[in-house]
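Source file: target-v9.txt; contents: compact mmCIF, C-alpha atoms.
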# COMPACT_ATOMS: atom_id res chain seq x y z
CA MET F 1 17.46 -1.33 19.68
CA THR F 2 17.37 -3.71 22.63
CA TYR F 3 14.18 -5.23 21.24
CA PHE F 4 15.91 -6.25 18.00
CA ARG F 5 19.19 -7.22 19.67
CA ASP F 6 17.34 -9.68 21.91
CA PHE F 7 16.13 -11.55 18.83
CA ILE F 8 19.69 -11.73 17.48
CA GLY F 9 21.41 -12.85 20.66
CA GLN F 10 24.45 -11.33 22.35
CA ASP F 11 27.16 -13.44 20.69
CA GLU F 12 25.68 -13.19 17.22
CA TRP F 13 25.13 -9.46 17.56
CA LYS F 14 28.76 -8.98 18.63
CA LYS F 15 29.90 -10.67 15.40
CA ARG F 16 27.55 -8.61 13.23
CA ARG F 17 28.44 -5.35 15.01
CA ASN F 18 32.17 -5.98 14.60
CA ALA F 19 31.66 -6.82 10.93
CA ALA F 20 29.78 -3.53 10.42
CA ALA F 21 32.52 -1.55 12.17
CA ASN F 22 35.30 -3.24 10.20
CA ARG F 23 33.57 -2.52 6.90
CA LEU F 24 33.02 1.14 7.84
CA TYR F 25 36.70 1.67 8.67
CA ALA F 26 37.87 -0.28 5.62
CA ALA F 27 35.83 2.12 3.47
CA SER F 28 37.27 5.10 5.36
CA LEU F 29 40.80 3.87 4.64
CA GLY F 30 40.05 3.36 0.94
CA ARG F 31 40.16 -0.41 1.13
CA VAL F 32 36.75 -0.80 -0.51
CA ASP F 33 36.03 0.03 -4.14
CA GLU F 34 34.35 3.45 -4.30
CA THR F 35 32.04 2.19 -7.05
CA ASP F 36 30.64 -0.49 -4.72
CA PRO F 37 26.99 0.54 -4.10
CA GLY F 38 27.25 -0.81 -0.55
CA ARG F 39 30.65 0.72 0.05
CA TYR F 40 30.15 1.49 3.75
CA PHE F 41 28.35 -1.74 4.63
CA ASP F 42 28.04 -5.37 3.65
CA GLU F 43 24.88 -5.64 1.56
CA SER F 44 24.26 -9.15 2.90
CA ASP F 45 23.54 -7.64 6.35
CA ALA F 46 21.99 -4.23 5.81
CA PHE F 47 19.94 -4.65 8.99
CA GLY F 48 23.11 -5.24 11.02
CA TRP F 49 24.48 -1.99 9.59
CA TYR F 50 21.27 -0.15 10.50
CA LEU F 51 21.34 -1.46 14.05
CA PHE F 52 25.04 -0.62 14.33
CA LEU F 53 24.30 3.00 13.35
CA ALA F 54 21.45 3.30 15.84
CA GLU F 55 23.63 1.88 18.60
CA ALA F 56 26.59 4.09 17.64
CA PHE F 57 24.43 7.23 17.82
CA ILE F 58 23.74 6.49 21.50
CA ASP F 59 26.71 4.49 22.80
CA HIS F 60 29.78 5.10 20.56
CA VAL F 61 29.18 8.23 18.52
CA TRP F 62 32.71 8.21 17.03
CA ASN F 63 31.48 5.33 14.87
CA PHE F 64 28.32 7.12 13.73
CA GLU F 65 28.01 7.75 9.98
CA PRO F 66 25.70 10.77 9.60
CA THR F 67 24.58 10.36 5.98
CA PHE F 68 23.28 6.84 6.51
CA GLY F 69 22.44 7.55 10.13
CA SER F 70 20.00 10.28 9.14
CA ARG F 71 18.01 7.59 7.32
CA VAL F 72 18.14 5.04 10.12
CA VAL F 73 18.03 6.76 13.52
CA PRO F 74 14.64 8.48 13.04
CA VAL F 75 13.11 5.14 12.02
CA PHE F 76 14.42 3.34 15.11
CA LYS F 77 13.35 6.26 17.32
CA ALA F 78 9.82 6.05 15.91
CA ILE F 79 9.66 2.28 16.46
CA GLY F 80 10.97 2.72 20.00
CA ARG F 81 8.46 5.48 20.69
CA GLY F 82 5.58 3.17 19.69
CA LEU F 83 7.05 -0.08 21.01
CA ASP F 84 4.49 -0.59 23.80
CA LEU F 85 1.69 -0.39 21.24
CA LEU F 86 3.58 -2.57 18.76
CA LEU F 87 4.00 -5.30 21.35
CA SER F 88 0.19 -5.58 21.48
CA VAL F 89 0.05 -6.40 17.75
CA ASP F 90 -0.58 -10.07 17.02
CA GLY F 91 2.30 -11.58 15.04
CA VAL F 92 4.80 -8.77 15.68
CA GLU F 93 7.39 -11.11 17.22
CA GLU F 94 7.48 -13.35 14.16
CA ARG F 95 7.69 -10.25 11.94
CA ALA F 96 10.65 -8.89 13.92
CA ARG F 97 12.44 -12.26 13.83
CA ARG F 98 12.25 -12.35 10.03
CA LEU F 99 13.55 -8.81 9.85
CA VAL F 100 16.72 -9.51 11.82
CA SER F 101 17.41 -12.84 10.10
CA SER F 102 16.01 -13.95 6.72
CA GLU F 103 15.23 -10.38 5.59
CA ARG F 104 18.39 -8.71 6.88
CA ARG F 105 19.65 -8.10 3.35
CA GLN F 106 16.62 -5.91 2.56
CA PRO F 107 15.20 -4.61 5.86
CA ASN F 108 13.43 -1.47 4.61
CA GLY F 109 10.20 -3.30 3.83
CA GLY F 110 9.96 -4.92 7.26
CA LEU F 111 10.76 -1.69 9.09
CA PHE F 112 8.12 0.09 7.02
CA GLU F 113 5.52 -2.51 7.99
CA LEU F 114 6.33 -2.00 11.68
CA LEU F 115 5.93 1.77 11.27
CA VAL F 116 2.55 1.35 9.56
CA ALA F 117 1.33 -1.09 12.21
CA SER F 118 2.40 1.31 14.96
CA ALA F 119 0.57 4.20 13.25
CA TYR F 120 -2.68 2.24 13.13
CA ARG F 121 -2.34 1.18 16.76
CA SER F 122 -1.73 4.79 17.83
CA SER F 123 -4.95 5.68 16.00
CA GLY F 124 -6.84 3.17 18.15
CA ALA F 125 -7.03 0.31 15.65
CA ARG F 126 -6.63 -3.39 16.34
CA VAL F 127 -3.83 -4.81 14.19
CA LYS F 128 -2.72 -8.32 13.32
CA PHE F 129 0.18 -9.32 11.07
CA VAL F 130 -0.83 -11.96 8.56
CA PRO F 131 1.54 -14.98 8.79
CA GLU F 132 3.79 -15.58 5.81
CA ARG F 133 2.61 -18.52 3.69
CA ARG F 134 5.67 -20.38 2.47
CA GLY F 135 5.46 -21.87 -1.00
CA LEU F 136 2.14 -20.17 -1.76
CA SER F 137 1.23 -16.91 -3.43
CA ARG F 138 2.09 -13.85 -1.39
CA THR F 139 -0.60 -12.51 0.88
CA TYR F 140 -1.18 -9.04 2.29
CA ASP F 141 0.67 -7.75 5.38
CA MET F 142 -1.86 -7.05 8.11
CA ASP F 143 -5.50 -7.01 9.21
CA VAL F 144 -6.68 -3.71 10.66
CA GLU F 145 -9.96 -3.14 12.52
CA ILE F 146 -11.10 0.37 13.36
CA GLY F 147 -14.45 0.40 15.16
CA SER F 148 -16.83 -1.53 12.92
CA ARG F 149 -14.61 -1.21 9.84
CA SER F 150 -12.14 -3.89 8.79
CA PHE F 151 -9.33 -3.56 6.22
CA ALA F 152 -6.69 -5.70 4.59
CA VAL F 153 -3.50 -3.63 4.46
CA GLU F 154 -0.51 -4.09 2.16
CA CYS F 155 2.77 -2.12 2.47
CA LYS F 156 5.34 -1.47 -0.24
CA ARG F 157 8.69 0.26 0.30
CA LEU F 158 10.34 1.68 -2.84
CA GLU F 159 14.12 1.64 -2.97
CA THR F 160 16.35 4.32 -4.47
CA SER F 161 16.26 4.95 -8.20
CA GLN F 162 18.46 2.73 -10.38
CA TYR F 163 18.52 5.56 -12.89
CA GLY F 164 20.21 7.75 -10.28
CA GLU F 165 22.80 5.05 -9.57
CA ARG F 166 23.63 4.85 -13.28
CA GLU F 167 24.00 8.63 -13.40
CA ARG F 168 26.46 8.62 -10.51
CA ALA F 169 28.56 5.92 -12.18
CA ALA F 170 28.57 7.86 -15.46
CA MET F 171 29.59 11.07 -13.70
CA ARG F 172 32.59 9.40 -12.09
CA GLU F 173 33.79 8.44 -15.57
CA LEU F 174 33.13 11.92 -17.01
CA TRP F 175 35.02 13.61 -14.17
CA ARG F 176 37.85 11.11 -13.72
CA PRO F 177 40.32 12.60 -16.32
CA SER F 178 39.87 16.12 -14.95
CA ALA F 179 40.21 15.05 -11.32
CA THR F 180 43.33 13.03 -12.11
CA GLY F 181 44.87 15.90 -14.08
CA PHE F 182 44.21 18.48 -11.39
CA SER F 183 45.65 16.28 -8.65
CA GLN F 184 48.78 15.47 -10.69
CA ASN F 185 49.29 19.21 -11.26
CA GLU F 186 48.84 19.93 -7.54
CA GLN F 187 45.82 22.09 -8.44
CA SER F 188 42.90 22.35 -6.03
CA ALA F 189 39.76 22.94 -8.05
CA PHE F 190 36.00 23.19 -7.70
CA CYS F 191 33.46 22.59 -10.47
CA ASP F 192 29.71 23.21 -10.21
CA VAL F 193 27.80 21.94 -13.26
CA HIS F 194 24.08 21.67 -14.11
CA PHE F 195 23.30 19.43 -17.07
CA ARG F 196 20.52 20.29 -19.50
CA ILE F 197 20.59 16.87 -21.18
CA PRO F 198 20.65 13.34 -19.70
CA ILE F 199 24.06 12.32 -18.37
CA ASP F 200 24.32 9.37 -20.75
CA ARG F 201 24.20 11.79 -23.70
CA VAL F 202 27.04 14.02 -22.47
CA PRO F 203 30.12 13.64 -24.73
CA PRO F 204 32.86 11.66 -22.90
CA ALA F 205 35.43 14.49 -23.15
CA TYR F 206 33.00 17.30 -22.26
CA LEU F 207 34.25 18.06 -18.73
CA THR F 208 37.85 17.43 -19.74
CA GLU F 209 37.54 20.10 -22.43
CA LYS F 210 36.06 22.54 -19.93
CA SER F 211 38.95 21.86 -17.56
CA LEU F 212 41.55 22.45 -20.28
CA GLU F 213 39.76 25.63 -21.37
CA TRP F 214 39.96 26.99 -17.82
CA LEU F 215 43.61 26.07 -17.33
CA ARG F 216 44.62 27.64 -20.67
CA SER F 217 42.78 30.87 -19.87
CA ASP F 218 45.03 31.75 -16.89
CA MET F 219 41.88 33.12 -15.24
CA PRO F 220 40.82 32.33 -11.67
CA SER F 221 37.61 30.73 -12.94
CA LEU F 222 35.62 29.75 -16.01
CA LEU F 223 31.89 30.33 -16.48
CA TRP F 224 29.93 28.72 -19.30
CA SER F 225 26.44 28.09 -20.61
CA ASP F 226 25.73 25.94 -23.67
CA ASP F 227 23.23 23.37 -24.92
CA ILE F 228 24.70 20.66 -22.70
CA SER F 229 25.07 22.43 -19.37
CA TYR F 230 25.80 25.62 -17.51
CA GLY F 231 28.36 25.90 -14.74
CA ALA F 232 31.53 27.26 -13.25
CA MET F 233 35.01 25.91 -12.60
CA GLY F 234 37.81 27.54 -10.70
CA GLU F 235 40.37 27.55 -7.94
CA LEU F 236 39.25 25.97 -4.70
CA ASP F 237 40.07 27.91 -1.54
CA LEU F 238 41.30 25.57 1.18
CA ASP F 239 41.64 28.31 3.81
CA PRO F 240 38.16 27.90 5.41
CA LEU F 241 38.80 24.18 5.93
CA ARG F 242 42.35 24.74 7.19
CA GLU F 243 41.19 27.34 9.70
CA VAL F 244 38.77 24.85 11.21
CA LEU F 245 41.37 22.07 11.15
CA ASP F 246 43.71 24.25 13.20
CA ASP F 247 41.51 23.51 16.21
CA HIS F 248 39.22 20.66 15.23
CA HIS F 249 39.10 17.44 13.27
CA VAL F 250 36.46 17.16 10.53
CA LEU F 251 34.71 14.00 9.41
CA ALA F 252 35.92 13.12 5.91
CA SER F 253 33.34 13.47 3.12
CA SER F 254 30.79 14.80 5.59
CA SER F 255 28.40 17.64 4.82
CA ARG F 256 30.56 19.85 7.08
CA MET F 257 33.68 19.17 5.03
CA LEU F 258 31.81 19.69 1.76
CA GLU F 259 30.43 22.96 3.11
CA LEU F 260 33.92 24.18 4.04
CA LEU F 261 35.33 23.22 0.64
CA SER F 262 32.51 24.47 -1.59
CA GLY F 263 31.49 27.52 0.42
CA ARG F 264 27.92 26.51 1.25
CA TYR F 265 25.72 23.59 2.21
CA VAL F 266 23.36 22.34 -0.50
CA ARG F 267 20.82 19.76 0.68
CA HIS F 268 20.90 16.46 -1.26
CA ALA F 269 23.52 17.74 -3.71
CA ASN F 270 25.66 15.28 -5.68
CA TYR F 271 29.43 15.45 -5.09
CA ILE F 272 32.55 13.68 -6.25
CA GLN F 273 35.56 14.46 -4.07
CA LEU F 274 39.27 13.73 -4.41
CA SER F 275 41.47 14.93 -1.53
CA ARG F 276 44.96 14.55 -0.13
CA LEU F 277 44.56 14.25 3.60
CA LYS F 278 46.33 13.52 6.82
CA LEU F 279 43.99 11.51 8.97
CA ALA F 280 43.46 11.79 12.70
CA GLU F 281 43.84 8.94 15.17
CA ASN F 282 40.35 7.94 14.13
CA PRO F 283 40.90 7.48 10.38
CA ARG F 284 37.37 8.66 9.59
CA TYR F 285 38.45 12.18 10.57
CA VAL F 286 40.76 14.68 8.87
CA ARG F 287 43.42 16.74 10.60
CA GLU F 288 45.13 18.24 7.52
CA CYS F 289 44.23 18.79 3.87
CA ASP F 290 46.58 20.30 1.29
CA LEU F 291 44.82 19.33 -1.97
CA ALA F 292 41.18 18.92 -2.92
CA VAL F 293 39.33 18.50 -6.20
CA LEU F 294 35.57 18.76 -5.87
CA LEU F 295 32.72 18.37 -8.35
CA ARG F 296 29.14 19.32 -7.52
CA TRP F 297 26.71 18.28 -10.23
CA GLU F 298 23.02 18.28 -10.99
CA SER F 299 21.11 16.38 -13.66
CA ALA F 300 18.39 18.89 -14.48
CA SER F 301 17.06 17.75 -17.87
CA PRO F 302 13.31 17.06 -18.07
CA GLU F 303 14.05 13.51 -19.26
CA ALA F 304 16.27 12.75 -16.27
CA ILE F 305 13.83 14.29 -13.81
CA ASP F 306 10.99 12.24 -15.28
CA ALA F 307 13.05 9.02 -15.14
CA LYS F 308 14.02 9.53 -11.50
CA ALA F 309 10.49 10.50 -10.45
CA ARG F 310 9.66 6.83 -10.20
CA ASP F 311 6.16 5.80 -11.14
CA ILE F 312 4.25 3.99 -8.40
CA THR F 313 1.97 2.07 -10.78
CA THR F 314 4.01 -1.15 -10.67
CA LYS F 315 4.17 -1.25 -6.87
CA LEU F 316 0.52 -0.29 -6.61
CA SER F 317 -0.44 -3.12 -8.97
CA GLU F 318 1.66 -5.61 -6.98
CA ALA F 319 0.07 -4.46 -3.74
CA SER F 320 -3.46 -4.58 -5.13
CA ASP F 321 -2.90 -8.12 -6.44
CA GLN F 322 -1.98 -9.24 -2.89
CA LEU F 323 -5.19 -7.86 -1.38
CA PRO F 324 -8.17 -10.20 -0.95
CA ALA F 325 -11.15 -9.83 -3.27
CA GLY F 326 -13.83 -9.76 -0.60
CA ARG F 327 -12.57 -7.14 1.87
CA PRO F 328 -11.89 -3.39 1.74
CA GLY F 329 -8.18 -2.79 1.18
CA ILE F 330 -5.59 -0.11 1.86
CA VAL F 331 -2.14 0.22 0.30
CA HIS F 332 0.77 2.12 1.89
CA ILE F 333 3.75 3.06 -0.28
CA GLY F 334 6.87 4.58 1.30
CA PHE F 335 10.00 6.03 -0.28
CA GLU F 336 12.82 8.43 0.38
CA ALA F 337 12.52 11.80 -1.36
CA VAL F 338 16.22 12.69 -1.73
CA GLU F 339 16.62 13.33 -5.46
CA GLY F 340 16.18 17.10 -5.23
CA ASP F 341 13.21 19.46 -5.28
CA ASP F 342 12.62 19.31 -9.05
CA VAL F 343 12.55 15.52 -9.04
CA GLU F 344 10.24 15.37 -6.04
CA ARG F 345 7.79 17.86 -7.57
CA ALA F 346 7.66 15.66 -10.67
CA ARG F 347 7.20 12.59 -8.48
CA HIS F 348 4.26 14.22 -6.67
CA ARG F 349 2.56 14.95 -9.98
CA LYS F 350 3.08 11.39 -11.19
CA ILE F 351 1.69 9.90 -8.00
CA ILE F 352 -1.42 12.05 -8.18
CA GLU F 353 -2.04 11.24 -11.82
CA ARG F 354 -1.33 7.51 -11.61
CA ALA F 355 -3.11 6.86 -8.32
CA GLN F 356 -6.25 8.69 -9.41
CA ALA F 357 -6.31 6.70 -12.65
CA PHE F 358 -5.43 3.34 -11.05
CA ASP F 359 -7.77 0.44 -11.79
CA PRO F 360 -7.78 -2.13 -8.94
CA ARG F 361 -9.44 -4.65 -11.29
CA GLY F 362 -12.39 -5.45 -9.11
CA LYS F 363 -10.59 -5.32 -5.76
CA PRO F 364 -12.35 -3.10 -3.17
CA LEU F 365 -9.30 -0.86 -2.74
CA GLU F 366 -10.39 2.15 -0.71
CA TYR F 367 -7.27 4.21 -0.07
CA VAL F 368 -3.66 4.58 -1.15
CA TYR F 369 -1.27 6.30 1.28
CA CYS F 370 2.05 7.66 0.02
CA HIS F 371 4.69 8.41 2.66
CA TYR F 372 7.61 10.64 1.65
CA PHE F 373 10.66 10.40 3.90
CA VAL F 374 13.30 13.14 3.63
CA PRO F 375 16.43 12.35 5.69
CA GLU F 376 19.24 14.87 5.87
CA SER F 377 22.64 15.25 7.56
CA PRO F 378 23.23 19.03 7.86
CA PRO F 379 26.68 20.35 8.82
CA ASP F 380 25.47 21.58 12.21
CA GLN F 381 23.26 18.63 13.24
CA ALA F 382 23.62 14.88 13.64
CA TRP F 383 20.53 14.42 11.48
CA ALA F 384 17.34 16.10 10.37
CA PHE F 385 14.17 14.53 9.04
CA ASP F 386 11.04 15.60 7.22
CA GLU F 387 7.98 13.57 6.33
CA THR F 388 5.00 14.24 4.10
CA LEU F 389 1.82 12.21 3.68
CA GLN F 390 -0.46 12.06 0.65
CA TRP F 391 -3.55 9.93 0.47
CA VAL F 392 -5.75 9.18 -2.50
CA GLY F 393 -9.27 7.77 -2.28
CA ILE F 394 -9.77 5.04 -4.87
CA ALA F 395 -13.22 3.74 -3.90
CA PRO F 396 -13.78 4.97 -0.34
CA THR F 397 -16.81 3.95 1.69
CA GLY F 398 -15.92 6.08 4.70
CA PRO F 399 -13.35 8.54 6.05
CA HIS F 400 -9.70 7.61 5.64
CA PRO F 401 -8.64 5.78 8.79
CA LEU F 402 -5.25 7.28 9.69
CA GLY F 403 -6.18 10.94 9.99
CA GLU F 404 -3.01 13.01 10.23
CA THR F 405 -0.89 10.28 11.82
CA MET F 406 2.72 10.29 10.61
CA LEU F 407 4.88 7.17 10.61
CA ILE F 408 8.18 8.64 11.80
CA LEU F 409 7.74 12.20 13.02
CA PRO F 410 6.07 12.72 16.40
CA ALA F 411 2.79 14.63 16.42
CA GLU F 412 4.47 18.00 16.96
CA GLY F 413 6.62 17.43 13.85
CA VAL F 414 3.77 16.72 11.43
CA ARG F 415 3.84 18.36 8.04
CA GLU F 416 1.15 16.85 5.87
CA GLY F 417 0.74 17.29 2.14
CA PRO F 418 -2.49 17.95 0.24
CA HIS F 419 -5.17 15.30 -0.16
CA TRP F 420 -6.96 14.04 -3.25
CA ARG F 421 -10.21 12.05 -3.37
Give the structure from the file, written as structure tokens.
Amino acid sequence: MTYFRDFIGQDEWKKRRNAAANRLYAASLGRVDETDPGRYFDESDAFGWYLFLAEAFIDHVWNFEPTFGSRVVPVFKAIGRGLDLLLSVDGVEERARRLVSSERRQPNGGLFELLVASAYRSSGARVKFVPERRGLSRTYDMDVEIGSRSFAVECKRLETSQYGERERAAMRELWRPSATGFSQNEQSAFCDVHFRIPIDRVPPAYLTEKSLEWLRSDMPSLLWSDDISYGAMGELDLDPLREVLDDHHVLASSSRMLELLSGRYVRHANYIQLSRLKLAENPRYVRECDLAVLLRWESASPEAIDAKARDITTKLSEASDQLPAGRPGIVHIGFEAVEGDDVERARHRKIIERAQAFDPRGKPLEYVYCHYFVPESPPDQAWAFDETLQWVGIAPTGPHPLGETMLILPAEGVREGPHWR
């Protein structure tokens, strides 16, 4: 953290840190639109938000946001762990300066490049960042020399699926009438629904009709299975949460609170929550809850899974185009795998199929590395992280240069996926 803060400067960092804190607490107090995709942070300074989270984890943990923090802290820890090696990389200072300033709106790509450079250095390679050429066509990211072999390396960081964002927006609209009705009737309720068709094809009144059917039945719960979905809806028991709140405060909308309300922790599940709370002195924490309406939903149709399992062909083509024609090339593609196990299995299949069939159009592309990052904020931990590596040989002339080196996990945490040549 200190490395990046030094490039920002003390006064400037104080302004950016305060802005990040103010936005976090405004969101906690409901003063930011819940549909805002950057609700907890100002999208114009995503890097400031990242650095704020990393600093909070160490110095002011009451400001730490675990869902986002699980994505950020492991990355900063990995960069810090390899900082001595990174400092020996030619051009790293200029790369870091761009990251904290001109690229602060979209820092994931720059952070990914630093992780890749550090991985090559830890494998004994000599690494040099290629200077950005303003006004000219984009070049590749770094030169890497390993023994007598020399590579041009390009890095691409995929962002989260836009299809998934559209699903979440559609689900808020589908659930809104039911959530409003339950809260007006002072009825705590929990719904768990698994859709068999894409969300955009669900009839607008579908969940409302299920809610009315349950309320008219005078039964504790409703179970259903039809062509659209299968699921359950019923009374939500607040007692487990209240028992904990008797002695402790709970972070609002955290995985711990969701676990207490729903009865179990489900990794990377989708939730929509409406609660009536009394907040603690720190308004991010709950001290009382007397009403809660909770929806847990899954989009499980083959069409939705296929759409969210983003194809890498476009990024791979962009990366290949940036590689020089006369030198062996390597492409690294990184993305978060947080859409659920079914989606990620489909994504793996797509990557294998598309990468093996990829035509570099005359470029001497030797290897494609795919890095899967799986951040998590379990109820009983500040964060957890998993990482998987796949590599595909396109036109290799020698062994792949990184071996089993991970980008984020230390050596003892390596879990590597299968390889394809």
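Restricting the calculation to only C-alpha atoms, the smallest distance between F:Asp192 and any of F:Glu298, F:Glu353, F:Glu318, F:Glu103 is found for F:Glu298.
Within a radius of 12 Å around (-10.8, -8.4, -4.4), the polymer residues are F:Tyr140, F:Phe151, F:Ala152, F:Ala319, F:Ser320, F:Asp321, F:Gln322, F:Leu323, F:Pro324, F:Ala325, F:Gly326, F:Arg327, F:Pro328, F:Gly329, F:Ile330, F:Asp359, F:Pro360, F:Arg361, F:Gly362, F:Lys363, F:Pro364, F:Leu365, F:Glu366, counting all atoms listed in the file.
Put simply, atom CA of F:Gly263 is 8.3 Å away from atom CA of F:Pro240.
Residues lying within 12 Å of stretch 215-226 of chain F, counting all atoms listed in the file and ignoring same-chain neighbours fewer than 6 positions away, are F:Ser178, F:Gly181, F:Phe182, F:Asn185, F:Gln187, F:Ser188, F:Ala189, F:Phe190, F:Cys191, F:Asp192, F:Val193, F:His194, F:Phe195, F:Arg196, F:Ile197, F:Tyr206, F:Leu207, F:Thr208, F:Glu209, F:Ala232, F:Met233, F:Gly234, F:Glu235, F:Leu236, F:Asp237.
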Can you check which parts of stretch 106-138 of chain F lie within 12 Å of stretch 62-83 of chain F? Per residue, the shortest pair of atoms and distance in Å to one decimal, counting only C-alpha atoms, sorted by chain and number, as a tab-separated table.
residue	atom	partner	partner_atom	distance
F:Pro107	CA	F:Val72	CA	11.0
F:Asn108	CA	F:Val72	CA	9.7
F:Gly110	CA	F:Val75	CA	11.6
F:Leu111	CA	F:Val75	CA	7.8
F:Phe112	CA	F:Val75	CA	8.7
F:Glu113	CA	F:Ile79	CA	10.6
F:Leu114	CA	F:Ile79	CA	7.2
F:Leu115	CA	F:Ile79	CA	6.4
F:Val116	CA	F:Ile79	CA	10.0
F:Ala117	CA	F:Gly82	CA	9.6
F:Ser118	CA	F:Gly82	CA	6.0
F:Ala119	CA	F:Gly82	CA	8.2
F:Tyr120	CA	F:Gly82	CA	10.6
F:Arg121	CA	F:Gly82	CA	8.7
F:Ser122	CA	F:Gly82	CA	7.7
F:Ser123	CA	F:Gly82	CA	11.4
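Interatomic distance, atom CA of F:Val89 to atom CA of F:Phe373: 24.2 Å.
Every protein, DNA or RNA residue with an atom at most 12 Å from F:Thr35, where only C-alpha atoms count and chain neighbours fewer than 4 positions away do not, is listed here: F:Ala27, F:Gly30, F:Arg31, F:Arg39, F:Tyr40, F:Glu165, F:Arg166, F:Arg168, F:Ala169, F:Ala170, F:Met171, F:Arg172, F:Glu173, F:Ile272.
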What's the 12 Å shell around F:Trp49, counting all atoms listed in the file, without same-chain residues fewer than 3 positions away, as an MDAnalysis selection string?
chainID F and resid 13 15:24 38:46 52:56 63:65 68:69 71:73 100 104:107
Need the shell around F:Leu291: protein/DNA/RNA residues with any atom at most 8 Å away, counting all atoms listed in the file. Skip same-chain ones fewer than 6 positions apart. Format as a ChimeraX atom specification?
/F:183,186-188,238,275-277
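You can rank F:Arg98, F:Arg354, F:Arg267, F:Arg310 by their closest distance to F:Leu158 using all atoms listed in the file, and at the top of that list sits F:Arg310.
Distance annotation: of F:Cys289, F:Leu316, F:Val338, F:Leu51, the residue with the minimal separation from F:Asn270 is F:Val338; atom set is only C-alpha atoms.
Rounded to one decimal, atom CA of F:Phe7 and atom CA of F:Arg97 lie 6.3 Å from each other.
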Which of these, F:Gly109, F:Pro177, F:Pro283, F:Pro37, has the shortest distance to F:Leu251 once you count all atoms listed in the file?
F:Pro283
For a cutoff of 9 Å around the file-coordinate point (39.8, 15.7, 6.0), which residues qualify once you count only C-alpha atoms? I'd like the result as number ranges by chain.
F: 241, 245, 249-253, 257, 275-280, 284-289
